[in-house]
Amino acid sequence: MKPINEPESMEKEEDSEVKSLAEFLMTYHSEQLHSIVVSPDPKLHYPLCIDFTDLLNENSRLAHLVLAQPTVYLLLFDRAAFWAHKIVIKGLKFGEKGVEKKFIHVRINICGSPLECPETFPSIGRVRVKHRGILLTLKGTVIRSGAIKMYEGERMYQCRKCKHVFPVYPELESRNSITLPSFCPSQRSKSCEGSRFDCVDESVIRHDYQEIKIQESTQVLGVGVIPRSIPVILMDDLVDIVKTGGNTFKDLFSEIATMNFICFLSFHIDPVLYQKEHLISVWMGCGELEHYGYVFVADDITVTGILTAKWSPDLKDVRSNLDPVLIANYVRRTNELKANIDIPNDVIIKFKHFWSDFSDTPLKGRNAILRGICPQIFGLFTVKLAVALTLIGGVQHVDASGSKIRGESHLLLVGDPGTGKSQFLKFAAKLCNRSVITTGLGSTSAGLTVTAVKDGGEWMLEAGALVLADGGICCIDEFDSMREHDRATIHEAMEQQTISVAKAGLVTTLSTRTIVFGATNPKGQYDPDQSLSVNTALSGPLLSRFDIVLVLLDTKNPEWDAVVSSHILNEGESNKEDHDEDLGNIWTFAMLRRYIHFVKGYFRPVLTKEAEKVISSYYQLQRRSATYNAARTTVRMLESLIRLAQAHARLMFRNEVTRMDAIMAILCIESSMTTSAIVDSVGNSLHSNFTETPDQEYAKQEGLILEKLRSFDEFSGVNIIEGLSR
Ligand SMILES: Nc1ncnc2c1ncn2[C@@H]1O[C@H](COP(=O)(O)OP(=O)(O)OP(=O)(O)O)[C@@H](O)[C@H]1O
Ligand SMILES: [Zn+2]
């Protein structure tokens with residue numbers, strides 16, 4: 001049985017389009033064709049990726065036809081690829097073995113082409129009927145992934161009268177029904193008029209099939225706009241290409257297949273056993289998955305495909321709708337791309353020059369950077385330092401017992417209304433390349449963590465804010481308003497950075513390597529005599545997951561009010577406080593974003609002995625001091641001190657954690673304690689301001705802290721953090 005792509009003969013078919021497309025492929029993609037030809041397996045579906053820009057340059061007429069009539073021209077392109085690979089087989093060098101393939105799919109990458117325009121690249125919420133049938137590109141985060149199924153695609157029919165054989169394609173819109181032509185499509189000179197056709201045995205082509213759902217990123221929406229989502233159909237080599245709460249299933253299955261596990265990966269409710277070389281849907285409890293180190297990430301993807309529509313399933317008492325759906329032709333995962341904010345060399349040289357200018361007054365240089373954080377907010381030095389350290393974070397490592405200690409810090413602002421919390425949340429979200437801004441209740445039904453939803457009779461997992469922000473930051477306003485079920489799962493999400501799910505038969509583990517930046521108002525009037533738990537209605541264990549908790553009390557402070565009001569009123573003239581203008585010009589938002597990204601990726605600071613001694617003494621002092629707050633003086637505090645000290649070293653553009661970094665980490669923790677153990681001046685972070693001589697100020701603070709630690713006899717004691725900070 002010749003495969004569907006096989007034109008009877010290029011000459012007879014007079015199919016000049018196929019010929020031109022085949023020539024284009026031979027010119028631009030001979031290596032891909034060659035590697036397809038020498039691959040051994042004739043039954044697999046092979047992708048052949050082309051750049052739309054090349055096609056546009058080579059043959060703009062054809063490029064526009066592919067854009068306007070992709071349903072026809074993508075099929076012609078596949079036939080052209082099939083034809084071209086046969087030519088390559090004929091042209092193989094002596095001794096090279098080529099295997100004829102049945103399925104080659106041309107995949108169109110529009111990246112960098114003029115197609116990246118609103119017309120052909122709208123946001124998901126702007127998709128309309130006018131986009132139906134053209135080659136469309138959408139961008140979003142994978143929030144759901146359905147079971148992997150088999151789909152009966154094209155098949156051959158034969159005319160009873162003239163024996164002409166022709167392909168018939170099922171229509172997705174009408175639930176893959178087959179519509180036969182009313183008359184024989186044979187184009188022989190004498191038309192046949194036949195109207196009765198038989199399906200040719202064994203001619204049905206079956207495809208791997210998977211349905212996912214992508215949601216537009218909340219970052220590109222205005223505040224309060226509901227993120228839209230759209231189903232996407234993946235077929236053949238595109239199945240499993242994205243991860244949503246699931247590693248690339250292929251690696252997972254091939255590993256399990258070799259282990260001959262017959263269990264069912266809980267994503268697929270209807271276990272379907274494919275042949276070994278395809279996929280074995282397998283049961284697998286999350287324990288085993290986690291045991292094999294499979295934790296999961298929601299992918300940001302760009303999908304190019306054909307927009308069509310599909311009737312929703314017939315469900316009792318539920319109206320059937322014609323839902324838009326995108327049939328994917330090409331999928332590009334962009335999280336890795338997004339992760340690499342481009343930092344040209346000349347910018348790195350600027351960073352180095354900046355620090356060489358401040359080699360004598362390093363904290364003055366640091367404060368110039370901190371002033372770039374939320375410049376519209378006056379003062380709040382402690383908050384700006386905490387935001388910077390939280391965004392930069394520490395170094396993830398594995399401790400002596402083999403468990404992973406997170407590198408990401410978490411920050412909570414507890415403040416009266418109007419103290420600038422939301423401004424900091426929004427600014428921090430913009431500084432990160434991957435961020436989700438939400439409220440404690442969560443902006444979708446999935447809330448903060450994850451939820452199981454029934455879609456077309458099939459259970460799926462829908463990722464919540466923390467899963468969608470994996471690898472970035474999740475800014476949560478009204479943190480205390482989260483749902484009960486989120487309160488339970490967020491503990492694991494913030495510390496172990498995973499969410500174990502066991503809902504509706506779905507058992508898996510999702511990854512949440514996310515910075516959590518929360519903001520909440522105190523419960524009623526903040527009572528300094530009460531613990532943080534009482535003032536925030538957040539449990540001690542949940543509070544202990546935050547490296548820093550800053551309290552912003554709008555206590556009446558006349559000179560502070562005068563300074564802030566004059567700052568706000570003069571905002572129009574100069575957006576900078578009175579300090580060196582050119583410093584403000586260096587640390588623009590873009591430079592700050594690049595700096596944070598650079599120091600986070602470039603430095604892996606290790607604690608010096610001095611820093612270890614200061615941190616371990618402070619921790620032991622805390623454990624013994626009368627005012628210590630049990631909920632916050634746990635080993636977690638020790639890990640926080642190390643993370644913050646490492647983050648401060650990175651902020652200072654250094655690869656080792658000095659005593660200064662350790663003391664800065666202590667000052668941050670002290671600010672969190674509200675009732676400080678050793679530094680009296682902290683407490684209400686709202687009125688912390690930048691000083692003109694930070695280096696001199698620091699020398700005083702350092703003396704004070706070391707004095708307290710020295711008086712504490714453990715200062716020369718056993719160093720308890722040896723090995724913690726590797
Ligand atoms: N120190 C400050 N300097 C300049 N502007 C400030 C300062 N503090 C607050 N503001 C201004 O007050 C307004 C309120 O800020 P914001 O909305 O962030 O407060 P909030 O703490 O989030 O309030 P709520 O708790 O009600 O959400 C903003 O316009 C902000 O710019
Ligand atoms: Zn016929």
# chains A, B, ... in the order shown; residues from 1 in each chain; ligands from 1

call {"tool": "select_by_dssp", "arguments": {"residues": "region 76-114 of chain A", "states": "strand (DSSP E)", "output": "list in words"}}
result
Phe103, Ile104, His105, Val106, Arg107, Ile108 and Asn109 of chain A

call {"tool": "residues_near_ligand", "arguments": {"ligand": "ligand 2", "cutoff": "10 Å", "atoms": "only C-alpha atoms and all ligand atoms", "output": "ChimeraX atom specification"}}
result
/A:158-166,183-188,190-197

call {"tool": "residues_near_ligand", "arguments": {"ligand": "ligand 1", "cutoff": "7 Å", "atoms": "only C-alpha atoms and all ligand atoms", "output": "mmCIF file with N, CA and C atoms, in the first residue's frame"}}
result
data_model
loop_
_atom_site.group_PDB
_atom_site.id
_atom_site.type_symbol
_atom_site.label_atom_id
_atom_site.label_comp_id
_atom_site.auth_asym_id
_atom_site.auth_seq_id
_atom_site.Cartn_x
_atom_site.Cartn_y
_atom_site.Cartn_z
ATOM 1 N N GLN A 376 9.886 55.307 43.013
ATOM 2 C CA GLN A 376 8.762 56.218 43.336
ATOM 3 C C GLN A 376 8.404 56.146 44.827
ATOM 4 N N ILE A 377 8.944 55.135 45.488
ATOM 5 C CA ILE A 377 8.670 55.020 46.937
ATOM 6 C C ILE A 377 9.848 55.624 47.686
ATOM 7 N N PHE A 378 9.549 56.565 48.572
ATOM 8 C CA PHE A 378 10.629 57.257 49.285
ATOM 9 C C PHE A 378 11.108 56.422 50.471
ATOM 10 N N GLY A 379 12.410 56.356 50.662
ATOM 11 C CA GLY A 379 12.926 55.704 51.873
ATOM 12 C C GLY A 379 12.718 54.201 51.831
ATOM 13 N N LEU A 380 12.164 53.642 52.927
ATOM 14 C CA LEU A 380 11.941 52.201 53.096
ATOM 15 C C LEU A 380 13.199 51.423 52.729
ATOM 16 N N GLY A 415 1.787 45.089 56.562
ATOM 17 C CA GLY A 415 1.744 46.541 56.716
ATOM 18 C C GLY A 415 0.357 47.112 56.706
ATOM 19 N N ASP A 416 0.245 48.291 57.316
ATOM 20 C CA ASP A 416 -1.013 49.026 57.288
ATOM 21 C C ASP A 416 -1.317 49.427 55.839
ATOM 22 N N PRO A 417 -2.576 49.712 55.563
ATOM 23 C CA PRO A 417 -2.922 50.138 54.204
ATOM 24 C C PRO A 417 -2.136 51.399 53.809
ATOM 25 N N GLY A 418 -1.780 51.466 52.537
ATOM 26 C CA GLY A 418 -1.135 52.675 52.016
ATOM 27 C C GLY A 418 0.324 52.781 52.374
ATOM 28 N N THR A 419 0.971 51.674 52.712
ATOM 29 C CA THR A 419 2.401 51.760 53.069
ATOM 30 C C THR A 419 3.298 51.316 51.919
ATOM 31 N N GLY A 420 2.733 51.119 50.730
ATOM 32 C CA GLY A 420 3.563 50.868 49.542
ATOM 33 C C GLY A 420 3.780 49.404 49.218
ATOM 34 N N LYS A 421 3.073 48.487 49.889
ATOM 35 C CA LYS A 421 3.326 47.034 49.681
ATOM 36 C C LYS A 421 3.075 46.642 48.222
ATOM 37 N N SER A 422 1.907 47.054 47.684
ATOM 38 C CA SER A 422 1.559 46.612 46.308
ATOM 39 C C SER A 422 2.564 47.151 45.308
ATOM 40 N N GLN A 423 3.090 48.344 45.559
ATOM 41 C CA GLN A 423 4.088 48.901 44.641
ATOM 42 C C GLN A 423 5.299 47.974 44.576
ATOM 43 N N PHE A 424 5.714 47.491 45.746
ATOM 44 C CA PHE A 424 6.897 46.609 45.771
ATOM 45 C C PHE A 424 6.593 45.290 45.071
ATOM 46 N N THR A 520 0.454 41.457 53.250
ATOM 47 C CA THR A 520 -0.821 41.311 53.953
ATOM 48 C C THR A 520 -0.980 42.458 54.939
ATOM 49 N N ASN A 521 -2.240 42.770 55.229
ATOM 50 C CA ASN A 521 -2.487 43.772 56.275
ATOM 51 C C ASN A 521 -2.528 43.029 57.607
ATOM 52 N N VAL A 564 7.963 62.425 53.242
ATOM 53 C CA VAL A 564 7.315 61.619 52.189
ATOM 54 C C VAL A 564 6.436 62.503 51.320
ATOM 55 N N HIS A 567 8.402 64.490 49.016
ATOM 56 C CA HIS A 567 8.951 63.616 47.959
ATOM 57 C C HIS A 567 7.883 63.353 46.894
ATOM 58 N N ILE A 568 6.671 63.031 47.358
ATOM 59 C CA ILE A 568 5.603 62.693 46.396
ATOM 60 C C ILE A 568 5.229 63.928 45.598
#

call {"tool": "closest_residue", "arguments": {"among": "A:Leu21, A:Ile134, A:Ala562, A:Met660", "to": "Leu67 (chain A)", "atoms": "only C-alpha atoms"}}
result
A:Ile134

call {"tool": "closest_atom_pairs", "arguments": {"of": "region 294-337 of chain A", "to": "region 238-242 of chain A", "cutoff": "9 Å", "atoms": "only C-alpha atoms", "output": "CSV"}}
result
residue,atom,partner,partner_atom,distance
A:Ala298,CA,A:Val242,CA,8.2
A:Asp299,CA,A:Val242,CA,6.4
A:Asp300,CA,A:Val242,CA,8.8
A:Ile301,CA,A:Val242,CA,7.9
A:Ala328,CA,A:Leu238,CA,8.0
A:Asn329,CA,A:Leu238,CA,8.2
A:Tyr330,CA,A:Leu238,CA,7.8
A:Val331,CA,A:Leu238,CA,7.4
A:Arg332,CA,A:Val242,CA,8.9
A:Arg333,CA,A:Val242,CA,7.3

call {"tool": "closest_atom_pairs", "arguments": {"of": "region 497-600 of chain A", "to": "region 342-345 of chain A", "cutoff": "10 Å", "atoms": "only C-alpha atoms", "output": "CSV"}}
result
residue,atom,partner,partner_atom,distance
A:Met591,CA,A:Ile343,CA,9.4
A:Arg593,CA,A:Ile343,CA,9.9
A:Arg594,CA,A:Ile343,CA,6.4
A:Tyr595,CA,A:Ile343,CA,8.6
A:His597,CA,A:Ile343,CA,8.7
A:Phe598,CA,A:Ile343,CA,7.4

call {"tool": "decode", "arguments": {"residues": "region 53-163 of chain A", "atoms": "C-alpha atoms", "output": "PDB file, in the first residue's frame"}}
result
ATOM      1  CA  THR A  53      11.928  33.733   6.841  1.00  0.00           C
ATOM      2  CA  ASP A  54      13.916  31.480   4.489  1.00  0.00           C
ATOM      3  CA  LEU A  55      10.759  30.487   2.610  1.00  0.00           C
ATOM      4  CA  LEU A  56       9.706  34.137   2.399  1.00  0.00           C
ATOM      5  CA  ASN A  57      13.084  35.096   0.944  1.00  0.00           C
ATOM      6  CA  GLU A  58      13.158  32.142  -1.431  1.00  0.00           C
ATOM      7  CA  ASN A  59       9.569  32.134  -2.684  1.00  0.00           C
ATOM      8  CA  SER A  60       7.296  34.790  -1.168  1.00  0.00           C
ATOM      9  CA  ARG A  61       4.293  33.655  -3.255  1.00  0.00           C
ATOM     10  CA  LEU A  62       4.429  30.183  -1.738  1.00  0.00           C
ATOM     11  CA  ALA A  63       5.139  31.660   1.716  1.00  0.00           C
ATOM     12  CA  HIS A  64       1.952  33.701   1.545  1.00  0.00           C
ATOM     13  CA  LEU A  65      -0.015  30.667   0.360  1.00  0.00           C
ATOM     14  CA  VAL A  66       1.303  28.643   3.307  1.00  0.00           C
ATOM     15  CA  LEU A  67       0.228  31.511   5.582  1.00  0.00           C
ATOM     16  CA  ALA A  68      -3.236  31.938   4.033  1.00  0.00           C
ATOM     17  CA  GLN A  69      -4.110  28.274   3.275  1.00  0.00           C
ATOM     18  CA  PRO A  70      -2.085  26.191   5.738  1.00  0.00           C
ATOM     19  CA  THR A  71      -4.556  23.271   5.663  1.00  0.00           C
ATOM     20  CA  VAL A  72      -3.758  22.685   1.981  1.00  0.00           C
ATOM     21  CA  TYR A  73      -0.158  23.857   1.843  1.00  0.00           C
ATOM     22  CA  LEU A  74       1.130  22.091   4.954  1.00  0.00           C
ATOM     23  CA  LEU A  75      -0.098  18.855   3.377  1.00  0.00           C
ATOM     24  CA  LEU A  76       1.676  19.782   0.140  1.00  0.00           C
ATOM     25  CA  PHE A  77       4.803  20.593   2.169  1.00  0.00           C
ATOM     26  CA  ASP A  78       4.667  17.133   3.796  1.00  0.00           C
ATOM     27  CA  ARG A  79       4.356  15.565   0.354  1.00  0.00           C
ATOM     28  CA  ALA A  80       7.248  17.690  -0.861  1.00  0.00           C
ATOM     29  CA  ALA A  81       9.335  16.502   2.116  1.00  0.00           C
ATOM     30  CA  PHE A  82       8.420  12.915   1.357  1.00  0.00           C
ATOM     31  CA  TRP A  83       9.385  13.416  -2.264  1.00  0.00           C
ATOM     32  CA  ALA A  84      12.642  15.226  -1.418  1.00  0.00           C
ATOM     33  CA  HIS A  85      13.710  12.479   0.996  1.00  0.00           C
ATOM     34  CA  LYS A  86      13.264   9.915  -1.784  1.00  0.00           C
ATOM     35  CA  ILE A  87      15.547  11.974  -3.993  1.00  0.00           C
ATOM     36  CA  VAL A  88      18.104  12.101  -1.165  1.00  0.00           C
ATOM     37  CA  ILE A  89      17.909   8.311  -0.830  1.00  0.00           C
ATOM     38  CA  LYS A  90      18.686   7.963  -4.532  1.00  0.00           C
ATOM     39  CA  GLY A  91      21.616  10.339  -4.144  1.00  0.00           C
ATOM     40  CA  LEU A  92      23.224   8.630  -1.117  1.00  0.00           C
ATOM     41  CA  LYS A  93      26.951   7.971  -1.288  1.00  0.00           C
ATOM     42  CA  PHE A  94      28.135   4.405  -1.809  1.00  0.00           C
ATOM     43  CA  GLY A  95      27.932   2.449   1.444  1.00  0.00           C
ATOM     44  CA  GLU A  96      25.399   4.832   3.053  1.00  0.00           C
ATOM     45  CA  LYS A  97      22.142   3.083   3.919  1.00  0.00           C
ATOM     46  CA  GLY A  98      18.949   5.050   3.596  1.00  0.00           C
ATOM     47  CA  VAL A  99      15.533   3.853   4.814  1.00  0.00           C
ATOM     48  CA  GLU A 100      12.404   5.167   3.134  1.00  0.00           C
ATOM     49  CA  LYS A 101      10.102   6.836   5.656  1.00  0.00           C
ATOM     50  CA  LYS A 102       6.329   6.958   5.688  1.00  0.00           C
ATOM     51  CA  PHE A 103       5.744  10.162   7.665  1.00  0.00           C
ATOM     52  CA  ILE A 104       7.662  13.440   7.502  1.00  0.00           C
ATOM     53  CA  HIS A 105       6.038  16.597   8.881  1.00  0.00           C
ATOM     54  CA  VAL A 106       7.279  20.059   7.896  1.00  0.00           C
ATOM     55  CA  ARG A 107       7.284  22.288  11.005  1.00  0.00           C
ATOM     56  CA  ILE A 108       7.189  26.061  10.437  1.00  0.00           C
ATOM     57  CA  ASN A 109       9.183  28.247  12.816  1.00  0.00           C
ATOM     58  CA  ILE A 110       8.007  31.831  12.409  1.00  0.00           C
ATOM     59  CA  CYS A 111      10.403  33.200  15.028  1.00  0.00           C
ATOM     60  CA  GLY A 112      12.198  36.285  13.701  1.00  0.00           C
ATOM     61  CA  SER A 113       9.969  36.522  10.614  1.00  0.00           C
ATOM     62  CA  PRO A 114       7.562  39.361   9.713  1.00  0.00           C
ATOM     63  CA  LEU A 115       4.812  36.970  10.869  1.00  0.00           C
ATOM     64  CA  GLU A 116       5.505  37.997  14.453  1.00  0.00           C
ATOM     65  CA  CYS A 117       2.847  40.717  14.212  1.00  0.00           C
ATOM     66  CA  PRO A 118      -0.496  41.224  16.040  1.00  0.00           C
ATOM     67  CA  GLU A 119      -2.443  39.904  13.038  1.00  0.00           C
ATOM     68  CA  THR A 120      -0.828  36.470  13.001  1.00  0.00           C
ATOM     69  CA  PHE A 121       0.509  36.574  16.567  1.00  0.00           C
ATOM     70  CA  PRO A 122      -2.422  37.833  18.711  1.00  0.00           C
ATOM     71  CA  SER A 123      -2.717  37.233  22.439  1.00  0.00           C
ATOM     72  CA  ILE A 124      -5.028  34.341  23.296  1.00  0.00           C
ATOM     73  CA  GLY A 125      -7.732  36.727  24.499  1.00  0.00           C
ATOM     74  CA  ARG A 126      -7.774  38.438  21.083  1.00  0.00           C
ATOM     75  CA  VAL A 127      -8.319  35.314  18.952  1.00  0.00           C
ATOM     76  CA  ARG A 128     -11.408  35.808  16.742  1.00  0.00           C
ATOM     77  CA  VAL A 129     -13.211  34.121  13.823  1.00  0.00           C
ATOM     78  CA  LYS A 130     -11.050  36.132  11.371  1.00  0.00           C
ATOM     79  CA  HIS A 131      -8.048  34.081  12.525  1.00  0.00           C
ATOM     80  CA  ARG A 132      -9.745  30.811  11.566  1.00  0.00           C
ATOM     81  CA  GLY A 133      -7.943  28.812   8.890  1.00  0.00           C
ATOM     82  CA  ILE A 134      -4.760  30.934   8.718  1.00  0.00           C
ATOM     83  CA  LEU A 135      -1.343  30.065  10.119  1.00  0.00           C
ATOM     84  CA  LEU A 136      -1.596  31.526  13.625  1.00  0.00           C
ATOM     85  CA  THR A 137       0.917  31.784  16.464  1.00  0.00           C
ATOM     86  CA  LEU A 138      -0.075  31.961  20.144  1.00  0.00           C
ATOM     87  CA  LYS A 139       1.996  32.283  23.275  1.00  0.00           C
ATOM     88  CA  GLY A 140       1.108  30.983  26.725  1.00  0.00           C
ATOM     89  CA  THR A 141       1.844  28.784  29.705  1.00  0.00           C
ATOM     90  CA  VAL A 142       0.822  25.158  29.612  1.00  0.00           C
ATOM     91  CA  ILE A 143      -1.745  24.823  32.404  1.00  0.00           C
ATOM     92  CA  ARG A 144      -3.222  21.462  31.481  1.00  0.00           C
ATOM     93  CA  SER A 145      -2.110  18.387  29.623  1.00  0.00           C
ATOM     94  CA  GLY A 146      -4.494  15.620  28.673  1.00  0.00           C
ATOM     95  CA  ALA A 147      -4.114  11.908  28.203  1.00  0.00           C
ATOM     96  CA  ILE A 148      -2.078  10.633  25.274  1.00  0.00           C
ATOM     97  CA  LYS A 149      -4.437   8.981  22.835  1.00  0.00           C
ATOM     98  CA  MET A 150      -4.593   7.398  19.422  1.00  0.00           C
ATOM     99  CA  TYR A 151      -6.327   9.299  16.635  1.00  0.00           C
ATOM    100  CA  GLU A 152      -7.524   7.727  13.395  1.00  0.00           C
ATOM    101  CA  GLY A 153      -6.476  10.131  10.685  1.00  0.00           C
ATOM    102  CA  GLU A 154      -6.466  10.016   6.918  1.00  0.00           C
ATOM    103  CA  ARG A 155      -7.330   6.836   4.964  1.00  0.00           C
ATOM    104  CA  MET A 156      -7.569   5.832   1.308  1.00  0.00           C
ATOM    105  CA  TYR A 157     -10.788   5.276  -0.650  1.00  0.00           C
ATOM    106  CA  GLN A 158     -11.252   3.660  -4.032  1.00  0.00           C
ATOM    107  CA  CYS A 159     -13.872   4.573  -6.593  1.00  0.00           C
ATOM    108  CA  ARG A 160     -15.939   1.510  -7.479  1.00  0.00           C
ATOM    109  CA  LYS A 161     -16.306   2.708 -11.048  1.00  0.00           C
ATOM    110  CA  CYS A 162     -12.821   3.806 -12.156  1.00  0.00           C
ATOM    111  CA  LYS A 163     -10.737   2.331  -9.300  1.00  0.00           C
TER     112      LYS A 163
END
